[in-house]
Amino acid sequence: MLNTETKLFAVLGYPVKHSFSPQMQNAWFEKEKLNCAYMPFEVEPKNLKKTVEALKLLGFSGINVTIPHKTEAMKYLDYADKASKLIGSINTIALKNGKLYGYNTDYSGFSSDLISKNVKVKGNTALVFGAGGGARAVIYALKSGGAKHIYISNRTHKNAVKLAKEFKIEALSVSKISDILPKCKLIVNASACGMKKTDALPFEINNIGQDAVIYDLIYNKPTPFVKAAKENKIRFFTGEGMLIKQGAHGFKIWTGICPDTKSALKLLNKFMR
Ligand code: NAP
């Protein structure tokens, strides 16, 4: 029951219809018996600043921002944590005493998903394919996790070079990937390759070690990375865990409670059917 005590939360995206966050966050509020409500708002980029100001004025307690607002939203914060400053984007805002605090829980969601799946990062070599916002969070997570060496490759090479300089990792053209694959223990698809049915695997993965792991950030499509992992009998994971854990970390920032991620996975599986 909504009343004058209800704490309000929102996700801002453009588009936002695909977002699982309203179902996930509202289910957690209900489970924890919190008088809170979470709503999706489709916000055009030109209206982001006004929308954030309006939510602040209306006394909202928390905001998620999703594509394409994750970088722009940083400009409106009073405070950004260290990780989000280095990654260059946020996905979670907490509003307290009229101030906006920004966090990036994509990176922490990815890190804790790897830990929960016993994927070792420390001392290992990894390849990140992609050079967008997801890749930035993944690279920060791998660096924080103590990866020995990180390669980045991308469809548009200059974008990989830019990130490589920024994060002090090594950029590699797609045609060179097969040379370094045998030493990679973790291959992350942080690109949108696989979102379209026609997307093909950008590089061969048949010379990958049998102890390697493939992690695809995409969770709602049978991507070429997942198909190749199955064909080559390589351990693989898709992005559901990251998605749920980024939401769980946001929930913890807002409420102080670690929510039930298992029930969220069941809900996500229903949502995707
Ligand atoms: P983004 O900032 O728009 O970056 C897109 C990246 O994908 C760029 O590197 C782009 O390369 C590359 N790309 C796009 N289409 C491609 C194709 N057909 N073949 C090869 N590369 C392609 O997007 P993002 O935020 O990084 O997200 C990337 C993917 O990760 C999306 O599918 C998103 O849904 C997923 N994601 C999942 C989670 C999760 O919680 N599971 C979190 C974040 C992102 P160019 O530089 O050449 O354009």
# chains A, B, ... in the order shown; residues from 1 in each chain; ligands from 1
>>> residues_around(residues="region 249-266 of chain A", least_positions_apart="4", cutoff="9 Å", atoms="only C-alpha atoms", output="PyMOL selection string")
chain A and resi 23-25+27-29+31-32+34+61-62+64+91-95+103-106+108-109+240-241+244-245+270-271
>>> closest_atom_pairs(of="chain A", to="ligand 1", cutoff="7 Å", atoms="only C-alpha atoms and all ligand atoms", output="JSON lines")
{"residue": "A:Ile67", "atom": "CA", "partner": "ligand 1", "partner_atom_place_in_ligand_line": "25 (O)", "distance": 6.6}
{"residue": "A:Asp106", "atom": "CA", "partner": "ligand 1", "partner_atom_place_in_ligand_line": "42 (C)", "distance": 6.0}
{"residue": "A:Gly130", "atom": "CA", "partner": "ligand 1", "partner_atom_place_in_ligand_line": "9 (O)", "distance": 3.7}
{"residue": "A:Ala131", "atom": "CA", "partner": "ligand 1", "partner_atom_place_in_ligand_line": "9 (O)", "distance": 3.7}
{"residue": "A:Gly132", "atom": "CA", "partner": "ligand 1", "partner_atom_place_in_ligand_line": "2 (O)", "distance": 3.3}
{"residue": "A:Gly133", "atom": "CA", "partner": "ligand 1", "partner_atom_place_in_ligand_line": "26 (O)", "distance": 3.8}
{"residue": "A:Gly134", "atom": "CA", "partner": "ligand 1", "partner_atom_place_in_ligand_line": "26 (O)", "distance": 3.5}
{"residue": "A:Ala135", "atom": "CA", "partner": "ligand 1", "partner_atom_place_in_ligand_line": "26 (O)", "distance": 5.4}
{"residue": "A:Asn154", "atom": "CA", "partner": "ligand 1", "partner_atom_place_in_ligand_line": "9 (O)", "distance": 5.6}
{"residue": "A:Arg155", "atom": "CA", "partner": "ligand 1", "partner_atom_place_in_ligand_line": "47 (O)", "distance": 4.1}
{"residue": "A:Thr156", "atom": "CA", "partner": "ligand 1", "partner_atom_place_in_ligand_line": "47 (O)", "distance": 3.8}
{"residue": "A:Asn159", "atom": "CA", "partner": "ligand 1", "partner_atom_place_in_ligand_line": "46 (O)", "distance": 5.5}
{"residue": "A:Ala190", "atom": "CA", "partner": "ligand 1", "partner_atom_place_in_ligand_line": "30 (O)", "distance": 4.9}
{"residue": "A:Ser191", "atom": "CA", "partner": "ligand 1", "partner_atom_place_in_ligand_line": "7 (O)", "distance": 3.4}
{"residue": "A:Ala192", "atom": "CA", "partner": "ligand 1", "partner_atom_place_in_ligand_line": "32 (O)", "distance": 3.8}
{"residue": "A:Cys193", "atom": "CA", "partner": "ligand 1", "partner_atom_place_in_ligand_line": "17 (C)", "distance": 3.8}
{"residue": "A:Gly194", "atom": "CA", "partner": "ligand 1", "partner_atom_place_in_ligand_line": "18 (N)", "distance": 6.6}
{"residue": "A:Met195", "atom": "CA", "partner": "ligand 1", "partner_atom_place_in_ligand_line": "32 (O)", "distance": 6.0}
{"residue": "A:Lys196", "atom": "CA", "partner": "ligand 1", "partner_atom_place_in_ligand_line": "18 (N)", "distance": 6.9}
{"residue": "A:Asp199", "atom": "CA", "partner": "ligand 1", "partner_atom_place_in_ligand_line": "18 (N)", "distance": 5.4}
{"residue": "A:Pro202", "atom": "CA", "partner": "ligand 1", "partner_atom_place_in_ligand_line": "20 (C)", "distance": 6.8}
{"residue": "A:Leu217", "atom": "CA", "partner": "ligand 1", "partner_atom_place_in_ligand_line": "41 (N)", "distance": 4.4}
{"residue": "A:Ile218", "atom": "CA", "partner": "ligand 1", "partner_atom_place_in_ligand_line": "35 (C)", "distance": 4.9}
{"residue": "A:Tyr219", "atom": "CA", "partner": "ligand 1", "partner_atom_place_in_ligand_line": "41 (N)", "distance": 6.0}
{"residue": "A:Gly239", "atom": "CA", "partner": "ligand 1", "partner_atom_place_in_ligand_line": "41 (N)", "distance": 3.7}
{"residue": "A:Glu240", "atom": "CA", "partner": "ligand 1", "partner_atom_place_in_ligand_line": "41 (N)", "distance": 5.5}
{"residue": "A:Met242", "atom": "CA", "partner": "ligand 1", "partner_atom_place_in_ligand_line": "40 (O)", "distance": 4.6}
{"residue": "A:Leu243", "atom": "CA", "partner": "ligand 1", "partner_atom_place_in_ligand_line": "40 (O)", "distance": 3.4}
{"residue": "A:Gln246", "atom": "CA", "partner": "ligand 1", "partner_atom_place_in_ligand_line": "40 (O)", "distance": 6.7}
>>> write_last_selection(atoms="N, CA, C and O atoms", output="mmCIF file, in the first residue's frame")
data_model
loop_
_atom_site.group_PDB
_atom_site.id
_atom_site.type_symbol
_atom_site.label_atom_id
_atom_site.label_comp_id
_atom_site.auth_asym_id
_atom_site.auth_seq_id
_atom_site.Cartn_x
_atom_site.Cartn_y
_atom_site.Cartn_z
ATOM 1 N N ILE A 67 21.453 2.649 -19.747
ATOM 2 C CA ILE A 67 21.812 3.179 -21.074
ATOM 3 C C ILE A 67 20.761 4.155 -21.563
ATOM 4 O O ILE A 67 19.577 3.847 -21.454
ATOM 5 N N ASP A 106 27.892 -2.013 -11.409
ATOM 6 C CA ASP A 106 28.152 -2.984 -12.486
ATOM 7 C C ASP A 106 29.488 -3.679 -12.219
ATOM 8 O O ASP A 106 29.612 -4.890 -12.354
ATOM 9 N N GLY A 130 35.326 -5.776 -26.345
ATOM 10 C CA GLY A 130 34.362 -4.684 -26.195
ATOM 11 C C GLY A 130 35.057 -3.489 -25.573
ATOM 12 O O GLY A 130 36.054 -3.655 -24.845
ATOM 13 N N ALA A 131 34.544 -2.298 -25.860
ATOM 14 C CA ALA A 131 35.203 -1.094 -25.335
ATOM 15 C C ALA A 131 34.177 -0.042 -24.937
ATOM 16 O O ALA A 131 34.454 1.156 -24.968
ATOM 17 N N GLY A 132 32.993 -0.489 -24.547
ATOM 18 C CA GLY A 132 31.955 0.436 -24.105
ATOM 19 C C GLY A 132 31.892 0.503 -22.582
ATOM 20 O O GLY A 132 32.869 0.166 -21.883
ATOM 21 N N GLY A 133 30.735 0.913 -22.068
ATOM 22 C CA GLY A 133 30.561 1.086 -20.627
ATOM 23 C C GLY A 133 30.736 -0.218 -19.858
ATOM 24 O O GLY A 133 31.351 -0.235 -18.786
ATOM 25 N N GLY A 134 30.201 -1.309 -20.408
ATOM 26 C CA GLY A 134 30.316 -2.621 -19.744
ATOM 27 C C GLY A 134 31.781 -3.026 -19.634
ATOM 28 O O GLY A 134 32.228 -3.500 -18.574
ATOM 29 N N ALA A 135 32.528 -2.822 -20.711
ATOM 30 C CA ALA A 135 33.959 -3.186 -20.720
ATOM 31 C C ALA A 135 34.719 -2.383 -19.662
ATOM 32 O O ALA A 135 35.591 -2.907 -18.970
ATOM 33 N N ASN A 154 38.467 -4.924 -29.674
ATOM 34 C CA ASN A 154 37.142 -4.371 -29.977
ATOM 35 C C ASN A 154 36.946 -4.284 -31.484
ATOM 36 O O ASN A 154 37.922 -4.190 -32.233
ATOM 37 N N ARG A 155 35.674 -4.311 -31.896
ATOM 38 C CA ARG A 155 35.346 -4.195 -33.325
ATOM 39 C C ARG A 155 36.035 -2.968 -33.924
ATOM 40 O O ARG A 155 36.688 -3.047 -34.945
ATOM 41 N N THR A 156 35.913 -1.819 -33.253
ATOM 42 C CA THR A 156 36.587 -0.597 -33.707
ATOM 43 C C THR A 156 37.861 -0.452 -32.872
ATOM 44 O O THR A 156 37.799 -0.120 -31.677
ATOM 45 N N ASN A 159 38.881 2.400 -30.382
ATOM 46 C CA ASN A 159 38.186 2.492 -29.084
ATOM 47 C C ASN A 159 38.870 1.604 -28.035
ATOM 48 O O ASN A 159 38.917 1.948 -26.853
ATOM 49 N N ALA A 190 32.266 -8.323 -23.406
ATOM 50 C CA ALA A 190 31.628 -7.128 -22.835
ATOM 51 C C ALA A 190 31.125 -6.249 -23.971
ATOM 52 O O ALA A 190 30.933 -5.046 -23.780
ATOM 53 N N SER A 191 30.940 -6.857 -25.144
ATOM 54 C CA SER A 191 30.411 -6.095 -26.288
ATOM 55 C C SER A 191 28.955 -6.475 -26.510
ATOM 56 O O SER A 191 28.442 -7.403 -25.875
ATOM 57 N N ALA A 192 28.331 -5.771 -27.457
ATOM 58 C CA ALA A 192 26.936 -6.106 -27.784
ATOM 59 C C ALA A 192 26.882 -7.190 -28.859
ATOM 60 O O ALA A 192 25.800 -7.483 -29.375
ATOM 61 N N CYS A 193 28.023 -7.805 -29.187
ATOM 62 C CA CYS A 193 28.050 -8.880 -30.187
ATOM 63 C C CYS A 193 27.237 -10.074 -29.665
ATOM 64 O O CYS A 193 27.588 -10.660 -28.644
ATOM 65 N N GLY A 194 26.172 -10.379 -30.369
ATOM 66 C CA GLY A 194 25.292 -11.465 -29.930
ATOM 67 C C GLY A 194 23.885 -10.957 -29.674
ATOM 68 O O GLY A 194 22.949 -11.734 -29.528
ATOM 69 N N MET A 195 23.743 -9.644 -29.614
ATOM 70 C CA MET A 195 22.407 -9.076 -29.408
ATOM 71 C C MET A 195 21.561 -9.232 -30.680
ATOM 72 O O MET A 195 20.353 -9.353 -30.620
ATOM 73 N N LYS A 196 22.270 -9.210 -31.841
ATOM 74 C CA LYS A 196 21.543 -9.414 -33.106
ATOM 75 C C LYS A 196 21.752 -10.849 -33.561
ATOM 76 O O LYS A 196 22.860 -11.385 -33.419
ATOM 77 N N ASP A 199 24.825 -11.656 -35.659
ATOM 78 C CA ASP A 199 26.186 -11.450 -35.139
ATOM 79 C C ASP A 199 26.971 -12.765 -35.141
ATOM 80 O O ASP A 199 26.487 -13.783 -34.632
ATOM 81 N N PRO A 202 33.532 -13.077 -33.378
ATOM 82 C CA PRO A 202 34.542 -12.211 -34.021
ATOM 83 C C PRO A 202 35.918 -12.857 -34.145
ATOM 84 O O PRO A 202 36.760 -12.372 -34.873
ATOM 85 N N LEU A 217 28.580 -10.997 -20.931
ATOM 86 C CA LEU A 217 27.723 -10.072 -20.169
ATOM 87 C C LEU A 217 26.263 -10.148 -20.621
ATOM 88 O O LEU A 217 25.346 -9.838 -19.871
ATOM 89 N N ILE A 218 26.066 -10.571 -21.877
ATOM 90 C CA ILE A 218 24.692 -10.694 -22.400
ATOM 91 C C ILE A 218 24.032 -11.915 -21.740
ATOM 92 O O ILE A 218 24.652 -12.972 -21.638
ATOM 93 N N TYR A 219 22.803 -11.754 -21.267
ATOM 94 C CA TYR A 219 22.157 -12.853 -20.542
ATOM 95 C C TYR A 219 20.856 -13.319 -21.194
ATOM 96 O O TYR A 219 20.281 -14.308 -20.777
ATOM 97 N N GLY A 239 25.424 -13.196 -18.282
ATOM 98 C CA GLY A 239 25.390 -12.033 -17.397
ATOM 99 C C GLY A 239 24.272 -11.926 -16.363
ATOM 100 O O GLY A 239 24.146 -10.882 -15.711
ATOM 101 N N GLU A 240 23.465 -13.010 -16.175
ATOM 102 C CA GLU A 240 22.374 -12.884 -15.178
ATOM 103 C C GLU A 240 22.912 -12.551 -13.793
ATOM 104 O O GLU A 240 22.341 -11.742 -13.069
ATOM 105 N N MET A 242 25.658 -11.055 -12.905
ATOM 106 C CA MET A 242 26.128 -9.658 -12.819
ATOM 107 C C MET A 242 24.925 -8.720 -12.689
ATOM 108 O O MET A 242 24.928 -7.801 -11.858
ATOM 109 N N LEU A 243 23.908 -8.982 -13.503
ATOM 110 C CA LEU A 243 22.714 -8.127 -13.495
ATOM 111 C C LEU A 243 22.052 -8.118 -12.111
ATOM 112 O O LEU A 243 21.723 -7.057 -11.559
ATOM 113 N N GLN A 246 24.451 -6.501 -9.420
ATOM 114 C CA GLN A 246 24.538 -5.032 -9.456
ATOM 115 C C GLN A 246 23.305 -4.433 -8.795
ATOM 116 O O GLN A 246 23.382 -3.433 -8.086
#
>>> select_by_dssp(residues="region 213-254 of chain A", states="strand (DSSP E or B)", output="list in words")
Val213, Ile214, Tyr215, Asp216, Arg235, Phe236, Phe237 and Thr238 of chain A
>>> residues_around(residues="Asn3 (chain A)", least_positions_apart="5", cutoff="12 Å", atoms="only C-alpha atoms", output="PyMOL selection string")
chain A and resi 8+35-37
>>> closest_residue(among="A:Ser111, A:Ser178, A:Asn269, A:Asn118", to="Gly145 (chain A)", atoms="only C-alpha atoms")
A:Ser111
>>> atom_distance(atom1="CA of Tyr151 (chain A)", atom2="CA of Glu170 (chain A)")
4.8 Å
>>> select_by_dssp(residues="region 94-174 of chain A", states="alpha helix (DSSP H)", output="number ranges by chain")
A: 105-116, 133-144, 157-167
>>> residues_around(residues="Ile63 (chain A)", least_positions_apart="3", cutoff="12 Å", atoms="only C-alpha atoms", output="ChimeraX atom specification")
/A:7-13,21-22,25,37-41,48,51-56,59-60,66,69-70,73,77,90-96,100-103,247,250-251,253-254
>>> residues_around(residues="Ala228 (chain A)", least_positions_apart="5", cutoff="12 Å", atoms="only C-alpha atoms", output="PyMOL selection string")
chain A and resi 194+200-208+213-216+222-223+233-236
>>> closest_residue(among="A:Lys75, A:Lys148, A:Lys17, A:Lys117", to="Gly88 (chain A)", atoms="only C-alpha atoms")
A:Lys75
>>> closest_residue(among="A:Val161, A:Ile139, A:Leu57, A:Ala212", to="Lys183 (chain A)", atoms="only C-alpha atoms")
A:Ala212
>>> closest_residue(among="A:Leu172, A:Met74, A:Leu58, A:Val188", to="Leu114 (chain A)", atoms="only C-alpha atoms")
A:Val188
